[in-house]
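Colleague: Here's a structure for you.
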Amino acid sequence: MKKSYEEYKDEELIMLLREGEQEVMDYLMDKYKNLVRSRAKSMYILGADTEDLIQEGMIGLFKAVRDYDFGRDAGFYTFAELCISRQIYTAVQASGRKKHMPLNTYISFYSKVADTGQEGAQLELSSVLESEQKNPEEALIDQENVEELEQIIQSQLSTLERQVIDLYLTEMGTVEISKILGIDEKSADNALQRAKNKIRRAMKQK
C-alpha cells in the first residue's frame, strides 16, 4: 500500500527521503510540478521552448530536494522556487536566448522605464507604444520601436544590467533577482536603475 504524504511538512518529507524512503522524491516532484510550470511560463519571454523550460525547471526542483539545507536555507518552498528559476534562467542564457522578445513585453517594459515620476517627463514614444494597435501601420511602427529598444539593451547595457533587465521583464523583484544572480539586493537595484537610465537617455536621442 502506497504511503500518504499529505500530512507531512516538506522538511519532514526530505528527512524521510534522506533516511531512505525514495518514494518521497516522486511525491515532491509531483507536488511542485505546477510551480515549475508557473516559473517556466513567466520566463518564456526570454526564449526557448516551453517544454524545454519545464524540463529544466524539474531539474532545478530535483536539485532543490537534493541540496536543501535545514539549517541554512529558508523554507523549502522558497528554496525550491529559487532553484527552479535559477536553473531555467541559466539554461536560457547558455542556449544563446532570445532573438526578439514578444512585442507586448517590450511595450510593458517601456512603459515602466519611460515613466520618470516627474510631470511632463513621460517620453513621447511611450504613448505610441502604449496605444492599441488598430491597423498594420501602427503595428509596424511599434515593431520598429521594439527593435530600437532591443538594440539599445544589447549594445549599451553591461552584462549584469542585461541580466537584471531580463529577470525584471519576467516580473521579478530585486530580491529574487539578486538571489538568482548571486549578488546582493543593492547591486541588483543599482544595476536596474542604471539600465533604465541608459535606456531613457538613448530613447530621447532617437
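Chains: A, B, ... in order of the C-alpha cells. Residues: from 1 per chain. Ligands: from 1, in order shown.
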With a distance cut-off of 8 Å and only C-alpha atoms, select the neighbouring residues of stretch 10-27 of chain A, excluding the residue or stretch itself and same-chain residues fewer than 6 positions from it, and output the selection as a list of chain:residue names.
Modeller: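 Final neighbour list, sorted by chain and number: A:Val65, A:Phe70, A:Gly75, A:Phe76.
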Colleague: Could the residues in this selection be saved with N, CA and C atoms as a compact mmCIF listing (two decimals), in the first residue's frame?
Modeller:
# COMPACT_ATOMS: atom_id res chain seq x y z
N VAL A 65 15.49 19.55 -3.88
CA VAL A 65 15.25 18.46 -2.94
C VAL A 65 16.57 17.86 -2.48
N PHE A 70 18.64 22.25 6.00
CA PHE A 70 17.69 22.65 7.03
C PHE A 70 18.17 23.85 7.84
N GLY A 75 12.44 28.31 4.13
CA GLY A 75 11.52 27.20 3.93
C GLY A 75 11.75 26.54 2.58
N PHE A 76 11.37 25.28 2.48
CA PHE A 76 11.67 24.54 1.25
C PHE A 76 11.01 25.17 0.03
Colleague: Please identify all polymer residues within 6 Å of A:Thr174, counting only C-alpha atoms, omitting same-chain residues fewer than 3 positions from it, and present them as number ranges by chain.
Modeller: A: 177-178, 188-189
Colleague: Excluding A:Ser85 and its own-chain neighbours fewer than 4 positions away, which residues fall within 8 Å of it when counting only C-alpha atoms? Please give them as a ChimeraX atom specification.
Modeller: /A:39-40,57,60,81,89,180
Colleague: What is the distance between atom CA of A:Asp73 and atom CA of A:Met58, in Å to one decimal?
Modeller: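 These atoms are spaced 19.4 Å apart.
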Colleague: Go ahead and compute the interatomic distance for atom CA of A:Phe79 and atom CA of A:Val175, in Å to one decimal.
Modeller: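 Between atom CA of A:Phe79 and atom CA of A:Val175 the gap is 13.3 Å.
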Colleague: When you look at A:Val164 with a cut-off of 10 Å (counting only C-alpha atoms), what residues show up, excluding the ones that are within fewer than 4 positions of it in the same chain? I need them as a PyMOL selection string.
Modeller: chain A and resi 158-160+168-169+172-174+177-178+180-181+187-193+195
Colleague: Take the residues from that selection and put them in a file with C-alpha atoms, as a compact mmCIF listing (two decimals), in the first residue's frame.
Modeller:
# COMPACT_ATOMS: atom_id res chain seq x y z
CA SER A 158 26.59 45.77 -19.33
CA THR A 159 26.22 42.02 -18.92
CA LEU A 160 24.89 42.45 -15.39
CA TYR A 168 12.82 42.22 -14.39
CA LEU A 169 10.85 41.54 -17.56
CA MET A 172 10.68 39.51 -10.65
CA GLY A 173 11.58 41.98 -7.93
CA THR A 174 15.11 42.93 -6.95
CA ILE A 177 16.78 38.85 -8.99
CA SER A 178 19.64 39.22 -6.52
CA ILE A 180 19.19 34.18 -8.86
CA LEU A 181 22.24 36.15 -9.96
CA SER A 187 23.68 45.72 -6.51
CA ALA A 188 20.63 44.35 -8.30
CA ASP A 189 18.65 47.53 -7.70
CA ASN A 190 21.55 49.75 -8.77
CA ALA A 191 22.01 47.74 -11.98
CA LEU A 192 18.30 48.03 -12.71
CA GLN A 193 18.29 51.80 -12.21
CA ALA A 195 19.81 50.17 -17.13
Colleague: Distance atom CA of A:Ala202-atom CA of A:Leu167, one decimal place?
Modeller: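 Computing the Euclidean distance for atom CA of A:Ala202 and atom CA of A:Leu167 yields 21.0 Å.
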Colleague: Applying 10 Å and only C-alpha atoms, which residues near stretch 33-35 of chain A remain after dropping the ones on its own chain fewer than 2 positions away? List them as a PDB file with C-alpha atoms, in the first residue's frame.
Modeller:
ATOM      1  CA  LEU A  28       7.645  16.082  -4.129  1.00  0.00           C
ATOM      2  CA  MET A  29       8.277  16.227  -7.862  1.00  0.00           C
ATOM      3  CA  ASP A  30       4.554  15.784  -8.472  1.00  0.00           C
ATOM      4  CA  LYS A  31       3.588  18.228  -5.721  1.00  0.00           C
ATOM      5  CA  ARG A  37       5.101  25.251 -14.933  1.00  0.00           C
ATOM      6  CA  SER A  38       4.396  28.672 -13.456  1.00  0.00           C
ATOM      7  CA  ARG A  39       8.068  29.692 -13.421  1.00  0.00           C
ATOM      8  CA  ALA A  40       8.576  28.318 -16.938  1.00  0.00           C
ATOM      9  CA  LYS A  41       5.593  30.327 -18.167  1.00  0.00           C
ATOM     10  CA  ILE A  54       9.652  22.901 -17.856  1.00  0.00           C
ATOM     11  CA  GLY A  57      12.637  23.569 -14.063  1.00  0.00           C
ATOM     12  CA  MET A  58      12.129  19.958 -12.990  1.00  0.00           C
ATOM     13  CA  LEU A  61      13.358  21.116  -8.417  1.00  0.00           C
ATOM     14  CA  TYR A  77       9.091  26.243  -0.982  1.00  0.00           C
ATOM     15  CA  ALA A  80      12.699  25.320  -4.460  1.00  0.00           C
ATOM     16  CA  GLU A  81      11.348  28.391  -6.277  1.00  0.00           C
ATOM     17  CA  ILE A  84      13.819  26.290 -10.325  1.00  0.00           C
TER      18      ILE A  84
END
Colleague: Env of A:Thr170: 7 Å cut, atoms = only C-alpha atoms, seq-sep filter 4 positions within chain, self excluded. Answer as a list in words.
Modeller: Ser42, Met43 and Asp166 of chain A
Colleague: I need the residue nearest A:Ala94 from this list: A:Phe62, A:Leu46, A:Gln205, A:Ile183. Use only C-alpha atoms for the distance.
Modeller: A:Leu46
